[in-house]
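Trainee: Just so it is clear, I am handing over start38.cif, which has mmCIF, C-alpha atoms.
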data_model
#
loop_
_atom_site.label_atom_id
_atom_site.label_comp_id
_atom_site.auth_asym_id
_atom_site.auth_seq_id
_atom_site.Cartn_x
_atom_site.Cartn_y
_atom_site.Cartn_z
CA MET A 1 49.87 72.86 7.53
CA PRO A 2 50.20 69.85 5.22
CA VAL A 3 47.73 71.43 2.76
CA ARG A 4 47.97 74.80 1.01
CA ILE A 5 45.88 76.43 -1.70
CA GLN A 6 47.46 79.46 -3.31
CA ALA A 7 47.53 81.53 -6.47
CA LYS A 8 51.29 81.91 -6.56
CA ASP A 9 53.77 79.40 -7.97
CA PHE A 10 55.71 77.01 -5.74
CA ASP A 11 59.35 75.96 -5.56
CA ALA A 12 59.34 72.17 -5.30
CA GLY A 13 62.96 72.02 -4.14
CA ALA A 14 62.38 74.45 -1.31
CA GLU A 15 59.14 72.72 -0.31
CA ILE A 16 60.85 69.30 -0.21
CA ALA A 17 63.76 70.65 1.83
CA ALA A 18 61.33 72.22 4.32
CA LEU A 19 59.35 69.00 4.62
CA ARG A 20 62.49 66.88 5.19
CA ARG A 21 63.91 69.29 7.80
CA ASP A 22 67.07 67.16 7.84
CA ASN A 23 65.05 64.38 9.49
CA ARG A 24 67.56 61.54 9.76
CA LYS A 25 64.81 58.92 9.74
CA VAL A 26 63.74 59.84 6.18
CA GLY A 27 65.01 57.40 3.58
CA ALA A 28 62.61 58.23 0.74
CA VAL A 29 61.00 61.32 -0.68
CA ALA A 30 58.30 60.77 -3.33
CA SER A 31 56.90 63.77 -5.15
CA PHE A 32 54.48 64.56 -7.96
CA ILE A 33 54.03 67.80 -9.89
CA GLY A 34 50.98 68.32 -12.10
CA VAL A 35 51.57 70.76 -14.96
CA CYS A 36 49.29 72.70 -17.30
CA ARG A 37 49.44 71.22 -20.85
CA ASP A 38 48.98 73.15 -24.08
CA ALA A 39 46.24 70.80 -25.31
CA ASN A 40 43.37 68.72 -23.94
CA ASP A 41 41.11 66.29 -25.80
CA GLY A 42 42.75 67.29 -29.10
CA THR A 43 42.13 71.02 -28.69
CA ALA A 44 44.77 73.66 -28.04
CA VAL A 45 44.58 75.25 -24.58
CA THR A 46 45.93 78.77 -24.25
CA LYS A 47 45.00 79.41 -20.62
CA MET A 48 43.17 77.77 -17.76
CA THR A 49 41.40 79.07 -14.69
CA LEU A 50 41.21 76.95 -11.56
CA GLU A 51 38.41 77.48 -9.09
CA HIS A 52 37.88 75.91 -5.66
CA TYR A 53 35.38 75.89 -2.81
CA PRO A 54 37.17 77.77 -0.01
CA GLY A 55 36.82 75.87 3.25
CA MET A 56 35.61 72.59 1.81
CA THR A 57 38.60 72.11 -0.48
CA GLU A 58 41.07 72.42 2.41
CA LYS A 59 39.02 70.00 4.52
CA ALA A 60 38.79 67.49 1.67
CA LEU A 61 42.56 67.59 1.09
CA GLU A 62 43.30 67.25 4.81
CA ARG A 63 41.05 64.21 4.96
CA ILE A 64 42.85 62.63 1.98
CA VAL A 65 46.23 63.25 3.64
CA SER A 66 44.96 61.72 6.91
CA GLU A 67 43.71 58.68 5.04
CA ALA A 68 47.08 58.27 3.30
CA LYS A 69 48.87 58.43 6.64
CA ARG A 70 46.47 55.87 8.06
CA ARG A 71 47.06 53.45 5.18
CA TRP A 72 50.83 53.75 4.77
CA ASN A 73 53.74 54.14 7.11
CA VAL A 74 54.89 57.56 5.93
CA MET A 75 56.24 60.52 7.88
CA ASP A 76 55.28 63.87 6.44
CA VAL A 77 53.00 64.93 3.61
CA LEU A 78 52.61 68.23 1.77
CA VAL A 79 49.97 69.15 -0.80
CA VAL A 80 50.14 72.54 -2.57
CA HIS A 81 47.43 73.28 -5.17
CA ARG A 82 47.24 76.48 -7.17
CA VAL A 83 44.09 78.36 -8.13
CA GLY A 84 43.45 81.25 -10.49
CA GLU A 85 44.80 81.74 -13.98
CA LEU A 86 47.44 79.34 -15.30
CA LYS A 87 49.04 78.94 -18.69
CA PRO A 88 50.73 75.97 -20.40
CA THR A 89 53.97 74.91 -18.63
CA ASP A 90 52.76 76.40 -15.32
CA GLN A 91 52.81 74.11 -12.29
CA ILE A 92 49.37 73.24 -10.89
CA VAL A 93 49.83 70.86 -7.99
CA LEU A 94 52.62 69.48 -5.80
CA VAL A 95 52.42 66.39 -3.59
CA VAL A 96 55.40 65.39 -1.45
CA VAL A 97 55.56 62.35 0.84
CA THR A 98 58.49 61.43 3.06
CA GLY A 99 59.03 58.05 4.66
CA ALA A 100 61.60 55.47 5.61
CA HIS A 101 61.22 53.44 2.41
CA ARG A 102 60.24 54.20 -1.17
CA GLY A 103 57.39 51.70 -1.56
CA GLU A 104 55.11 53.32 0.96
CA ALA A 105 56.10 56.85 -0.10
CA PHE A 106 55.32 56.11 -3.78
CA ALA A 107 52.00 54.47 -2.95
CA ALA A 108 50.86 57.26 -0.63
CA CYS A 109 51.81 59.92 -3.19
CA GLU A 110 49.85 58.21 -5.98
CA PHE A 111 46.86 57.60 -3.72
CA ILE A 112 46.75 61.26 -2.72
CA MET A 113 46.76 62.38 -6.36
CA ASP A 114 44.09 59.85 -7.38
CA TYR A 115 41.82 60.93 -4.52
CA LEU A 116 42.55 64.63 -5.09
CA LYS A 117 41.46 64.29 -8.73
CA THR A 118 38.10 62.77 -7.79
CA ARG A 119 37.27 64.14 -4.32
CA ALA A 120 38.77 67.59 -3.82
CA PRO A 121 36.53 70.41 -5.05
CA PHE A 122 38.53 72.08 -7.81
CA TRP A 123 37.26 72.92 -11.27
CA LYS A 124 39.19 73.80 -14.42
CA LYS A 125 37.99 76.10 -17.14
CA GLU A 126 40.03 76.15 -20.35
CA GLU A 127 40.48 78.82 -22.94
CA THR A 128 40.77 77.37 -26.44
CA PRO A 129 40.75 78.94 -29.92
CA GLN A 130 37.05 77.92 -30.05
CA GLY A 131 36.20 79.69 -26.81
CA THR A 132 36.11 78.80 -23.12
CA ARG A 133 34.92 75.45 -21.78
CA TRP A 134 34.69 73.75 -18.40
CA VAL A 135 36.75 70.58 -18.22
CA GLU A 136 34.59 67.46 -17.85
CA ALA A 137 35.37 64.86 -15.23
CA ARG A 138 37.03 61.75 -16.68
CA SER A 139 35.92 58.20 -15.95
CA SER A 140 39.60 57.15 -16.09
CA ASP A 141 40.17 59.31 -12.99
CA ASP A 142 37.33 57.53 -11.19
CA GLU A 143 38.81 54.19 -12.17
CA ALA A 144 42.24 55.26 -10.91
CA ALA A 145 40.72 56.22 -7.54
CA GLN A 146 38.73 52.98 -7.32
CA ARG A 147 41.96 50.97 -7.36
CA TRP A 148 42.50 52.11 -3.79
CA GLU A 149 39.12 51.02 -2.47
CA PRO A 150 39.39 48.16 -0.01
CA PRO A 151 38.36 44.86 -1.64
CA LYS A 152 34.68 44.09 -1.15
CA SER A 153 34.24 41.37 1.42
CA SER A 154 32.39 38.56 -0.27
CA ALA A 155 29.33 37.20 1.46
CA ALA A 156 29.80 33.69 2.82
CA MET B 1 13.83 77.84 7.79
CA LYS B 2 16.63 79.69 6.12
CA VAL B 3 19.66 78.07 4.44
CA ARG B 4 22.61 79.42 2.47
CA ILE B 5 22.96 77.96 -1.02
CA LEU B 6 26.10 78.15 -3.15
CA TYR B 7 26.43 77.43 -6.89
CA LEU B 8 29.96 76.72 -8.05
CA ALA B 9 31.91 76.52 -11.32
CA SER B 10 29.85 75.76 -14.45
CA LEU B 11 26.65 75.61 -12.41
CA ARG B 12 27.15 79.22 -11.27
CA GLU B 13 27.47 80.27 -14.91
CA GLN B 14 24.42 78.29 -16.03
CA LEU B 15 22.31 79.78 -13.23
CA GLY B 16 23.84 83.28 -13.35
CA LYS B 17 24.13 83.23 -9.57
CA SER B 18 26.90 82.36 -7.11
CA GLY B 19 24.63 81.88 -4.12
CA GLU B 20 21.58 82.99 -2.19
CA ASP B 21 19.85 82.84 1.16
CA PHE B 22 16.82 80.65 0.68
CA GLU B 23 13.73 80.14 2.80
CA ILE B 24 12.75 76.48 2.80
CA PRO B 25 9.18 75.49 3.64
CA PRO B 26 8.89 73.12 6.62
CA ALA B 27 7.85 70.25 4.33
CA THR B 28 11.29 70.25 2.68
CA SER B 29 13.78 68.31 4.75
CA THR B 30 16.35 66.80 2.37
CA VAL B 31 18.79 67.73 -0.39
CA ALA B 32 16.45 66.11 -2.94
CA GLY B 33 13.55 68.25 -1.73
CA LEU B 34 15.58 71.42 -2.03
CA ARG B 35 16.71 70.46 -5.54
CA THR B 36 13.08 69.93 -6.58
CA LEU B 37 12.11 73.34 -5.18
CA LEU B 38 14.89 75.05 -7.12
CA MET B 39 14.04 73.19 -10.34
CA ALA B 40 10.49 74.46 -10.07
CA ARG B 41 11.81 77.92 -10.92
CA GLY B 42 11.95 76.63 -14.50
CA GLY B 43 14.28 77.73 -17.30
CA ALA B 44 17.99 77.28 -16.54
CA TRP B 45 17.09 75.95 -13.08
CA GLN B 46 15.04 73.17 -14.58
CA THR B 47 17.81 72.10 -16.99
CA ALA B 48 20.90 72.65 -14.84
CA LEU B 49 19.50 70.78 -11.83
CA ALA B 50 17.58 68.11 -13.76
CA GLN B 51 17.80 64.51 -12.56
CA GLY B 52 20.44 62.68 -14.58
CA ARG B 53 22.71 65.72 -14.78
CA ALA B 54 26.07 64.99 -13.18
CA LEU B 55 25.74 67.08 -10.06
CA ARG B 56 27.36 66.97 -6.64
CA VAL B 57 25.98 68.42 -3.43
CA ALA B 58 27.74 69.28 -0.19
CA VAL B 59 26.00 70.14 3.08
CA ASN B 60 28.15 72.17 5.47
CA GLN B 61 31.17 71.38 3.28
CA GLU B 62 30.73 67.59 3.50
CA MET B 63 29.70 65.55 0.45
CA ALA B 64 26.00 64.78 0.66
CA GLN B 65 23.45 62.43 -0.92
CA SER B 66 19.94 63.18 -2.10
CA THR B 67 18.64 61.84 1.23
CA THR B 68 20.94 64.02 3.37
CA PRO B 69 18.82 66.17 5.72
CA VAL B 70 18.94 69.96 5.52
CA ASN B 71 18.63 72.03 8.67
CA PRO B 72 18.31 75.74 9.49
CA GLY B 73 21.53 77.64 8.86
CA ASP B 74 23.07 74.92 6.69
CA GLU B 75 25.43 75.82 3.85
CA ILE B 76 24.38 73.77 0.83
CA ALA B 77 26.59 73.80 -2.26
CA PHE B 78 25.70 72.50 -5.71
CA PHE B 79 28.54 71.85 -8.15
CA PRO B 80 29.66 69.67 -11.08
CA PRO B 81 32.03 66.69 -10.70
CA VAL B 82 35.50 67.90 -9.71
CA THR B 83 38.38 68.35 -12.17
CA GLY B 84 41.42 69.51 -10.18
CA GLY B 85 44.99 68.25 -10.09
#
Starting from the file, give its structure as structure tokens.
Mentor:
Amino acid sequence: MPVRIQAKDFDAGAEIAALRRDNRKVGAVASFIGVCRDANDGTAVTKMTLEHYPGMTEKALERIVSEAKRRWNVMDVLVVHRVGELKPTDQIVLVVVTGAHRGEAFAACEFIMDYLKTRAPFWKKEETPQGTRWVEARSSDDEAAQRWEPPKSSAA
Amino acid sequence: MKVRILYLASLREQLGKSGEDFEIPPATSTVAGLRTLLMARGGAWQTALAQGRALRVAVNQEMAQSTTPVNPGDEIAFFPPVTGG
């Protein structure tokens, strides 16, 4: 399965090794790890809880991976996203893309993260010294995802 | 007709409910119609589901629009914009 949602931590090195499987065609491995920060919007964050929509979240991630594979010539993709309680310095998400060349692997990895941030049903709730709050969606994330939209065909 | 409704994340907390089986009158055939019915409960329902609130809806785990039809047995989820990653 290229997509996993789990409460437990992940070992990026082991995940990358498993994805490469000594495939001699792989010339590039691009990876991204999202990590829990100790502050957000100027407020200290002591803990965060990640929630998802079981069933839909997996489908949404699988669709994003399929779309990445359709757009770029990459070999294997892995997405691991944690849910439950996390604290600052904890890993949240891992994306790994293997391919023959770095350009396509980098692009596919960034695309997957941009689409994950705006299309996969996950929600973060933060604990701060002022109490708990749900994280609000950012317009900068929408803008990052929009970069990947195909250019609008202009009417003749 | 009966549908299953889910309320996720902050919406679940605002409504004090994670989900319910809901009997929809035959006249209601879209996501927008269902939202109007739920808002008519007043109070938190009125505010949390109000037009203009950033709200997403999925029907059978696929992102939906206000015009998306609802059918018997559907799973309809209401939730805020996503914030994972």
Trainee: Compile a residue-level contact table for chain A against chain B at a cut-off of 6 Å, reporting for every qualifying residue the shortest atom pair and its distance in Å to one decimal, with all atoms listed in the file counted, rows ordered by chain and ascending number, as JSON lines.
Mentor:
{"residue": "A:Met56", "atom": "CA", "partner": "B:Gln61", "partner_atom": "CA", "distance": 4.8}
{"residue": "A:Val93", "atom": "CA", "partner": "B:Gly85", "partner_atom": "CA", "distance": 5.9}
{"residue": "A:Lys117", "atom": "CA", "partner": "B:Gly84", "partner_atom": "CA", "distance": 5.4}
{"residue": "A:Pro121", "atom": "CA", "partner": "B:Val82", "partner_atom": "CA", "distance": 5.4}
{"residue": "A:Phe122", "atom": "CA", "partner": "B:Gly84", "partner_atom": "CA", "distance": 4.5}
{"residue": "A:Trp123", "atom": "CA", "partner": "B:Thr83", "partner_atom": "CA", "distance": 4.8}
{"residue": "A:Lys124", "atom": "CA", "partner": "B:Thr83", "partner_atom": "CA", "distance": 6.0}
{"residue": "A:Ala137", "atom": "CA", "partner": "B:Thr83", "partner_atom": "CA", "distance": 5.5}
Trainee: May I ask which of the residues B:Ser29, B:Glu20, B:Arg41, B:Leu11 is the closest one to Val57 of chain B, counting all atoms listed in the file?
Mentor: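 Answer, going by the shortest atom-to-atom distance: B:Leu11.
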Trainee: Near Thr132 of chain A, counting only C-alpha atoms, which residues have an atom at most 10 Å away, once you skip same-chain residues fewer than 5 positions from it, shown as a list in words?
Mentor: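 Using only C-alpha atoms, the neighbours found are Val45, Thr46, Lys47, Met48, Thr49, Lys125, Glu126 and Glu127 of chain A.
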Trainee: Evaluate the PyMOL selection byres ((chain B and resi 31) around 9) on the structure here and hand back the selected residues as a PyMOL selection string.
Mentor: chain B and resi 28-30+32-36+57+59+64-70+76
Trainee: Provide the atom CA of Val80 of chain A to atom CA of Arg4 of chain A distance in Å, to one decimal place.
Mentor: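 Taking atom CA of Val80 of chain A as the start and atom CA of Arg4 of chain A as the end point, the length is 4.8 Å.
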Trainee: Pick the closest to Val26 of chain A from A:Asp90, A:Asp41, A:Asp76, A:Glu51: which is it, counting only C-alpha atoms?
Mentor: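 The closest residue to Val26 of chain A is A:Asp76.
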Trainee: Expressed in Å to a single decimal, how great is the separation between atom CA of Arg119 of chain A and atom CA of Asn73 of chain A?
Mentor: 22.4 Å
Trainee: Any chance you could resolve the PyMOL selection byres ((chain B and resi 4) around 8) against this file and give the residues as a list in words?
Mentor: Lys2, Val3, Ile5, Leu6, Gly19, Glu20, Asp21, Phe22, Gly73, Asp74, Glu75 and Ile76 of chain B
Trainee: So how far away is atom CA of Arg138 of chain A from atom CA of Ala44 of chain B, in Å?
Mentor: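 Straight-line distance from atom CA of Ala44 of chain B to atom CA of Arg138 of chain A works out to 24.6 Å.
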Trainee: Please list as a list in words every residue within 8 Å of Glu58 of chain A, counting all atoms listed in the file and excluding residues in the same chain fewer than 2 positions away.
Mentor: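 In the requested form, the answer reads Val3, Arg4, Ile5, Pro54, Gly55, Met56, Ala60, Leu61 and Glu62 of chain A.
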Trainee: Which residues, written as an mmCIF file with C-alpha atoms, keeping the file's coordinate frame, have at least one atom at most 6 Å from Pro88 of chain A, with all atoms listed in the file counted and residues fewer than 6 positions away on the same chain left out?
Mentor:
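Final output, saved to around-v1.cif:
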data_model
loop_
_atom_site.group_PDB
_atom_site.id
_atom_site.type_symbol
_atom_site.label_atom_id
_atom_site.label_comp_id
_atom_site.auth_asym_id
_atom_site.auth_seq_id
_atom_site.Cartn_x
_atom_site.Cartn_y
_atom_site.Cartn_z
ATOM 1 C CA CYS A 36 49.290 72.700 -17.300
ATOM 2 C CA ARG A 37 49.440 71.220 -20.850
ATOM 3 C CA ASP A 38 48.980 73.150 -24.080
#
Trainee: Which residues would end up in the selection if the PyMOL selection byres ((chain B and resi 49) around 9) were applied here, given that I need the answer as a ChimeraX atom specification?
Mentor: /B:11,35-36,38-39,44-48,50-55,78
Trainee: As JSON, what would the box around segment 5-10 of chain A look like: edges along x, y and z, 3 Å added on every side, centre and edge lengths in Å to one decimal?
Mentor:
{"center_x": 50.8, "center_y": 79.2, "center_z": -4.8, "size_x": 15.8, "size_y": 11.5, "size_z": 12.3}
Trainee: Would you mind listing what lies within 9 Å of Asp9 of chain A as an mmCIF file with C-alpha atoms, keeping the file's coordinate frame, with only C-alpha atoms counted and same-chain residues fewer than 3 positions away left out?
Mentor:
data_model
loop_
_atom_site.group_PDB
_atom_site.id
_atom_site.type_symbol
_atom_site.label_atom_id
_atom_site.label_comp_id
_atom_site.auth_asym_id
_atom_site.auth_seq_id
_atom_site.Cartn_x
_atom_site.Cartn_y
_atom_site.Cartn_z
ATOM 1 C CA GLN A 6 47.460 79.460 -3.310
ATOM 2 C CA ARG A 82 47.240 76.480 -7.170
ATOM 3 C CA ASP A 90 52.760 76.400 -15.320
ATOM 4 C CA GLN A 91 52.810 74.110 -12.290
ATOM 5 C CA ILE A 92 49.370 73.240 -10.890
#
Trainee: Between A:Ser140, A:Thr57, A:Thr89, A:Ser31, which one has atoms that come closest to Val77 of chain A, using only C-alpha atoms?
Mentor: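 Among A:Ser140, A:Thr57, A:Thr89, A:Ser31, it is A:Ser31 that comes nearest to Val77 of chain A.
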Trainee: Considering only C-alpha atoms, state which residue in the set B:Gly42, B:Arg12, B:Asn71, B:Ser18 is at the smallest distance from Trp134 of chain A.
Mentor: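 Under the stated criterion, the closest residue is B:Arg12.
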Trainee: Please provide the set of residues having any atom within 9 Å of Glu15 of chain A, restricted to all atoms listed in the file, with same-chain residues fewer than 4 positions apart removed, written as number ranges by chain.
Mentor: A: 10-11, 19-20, 78, 96
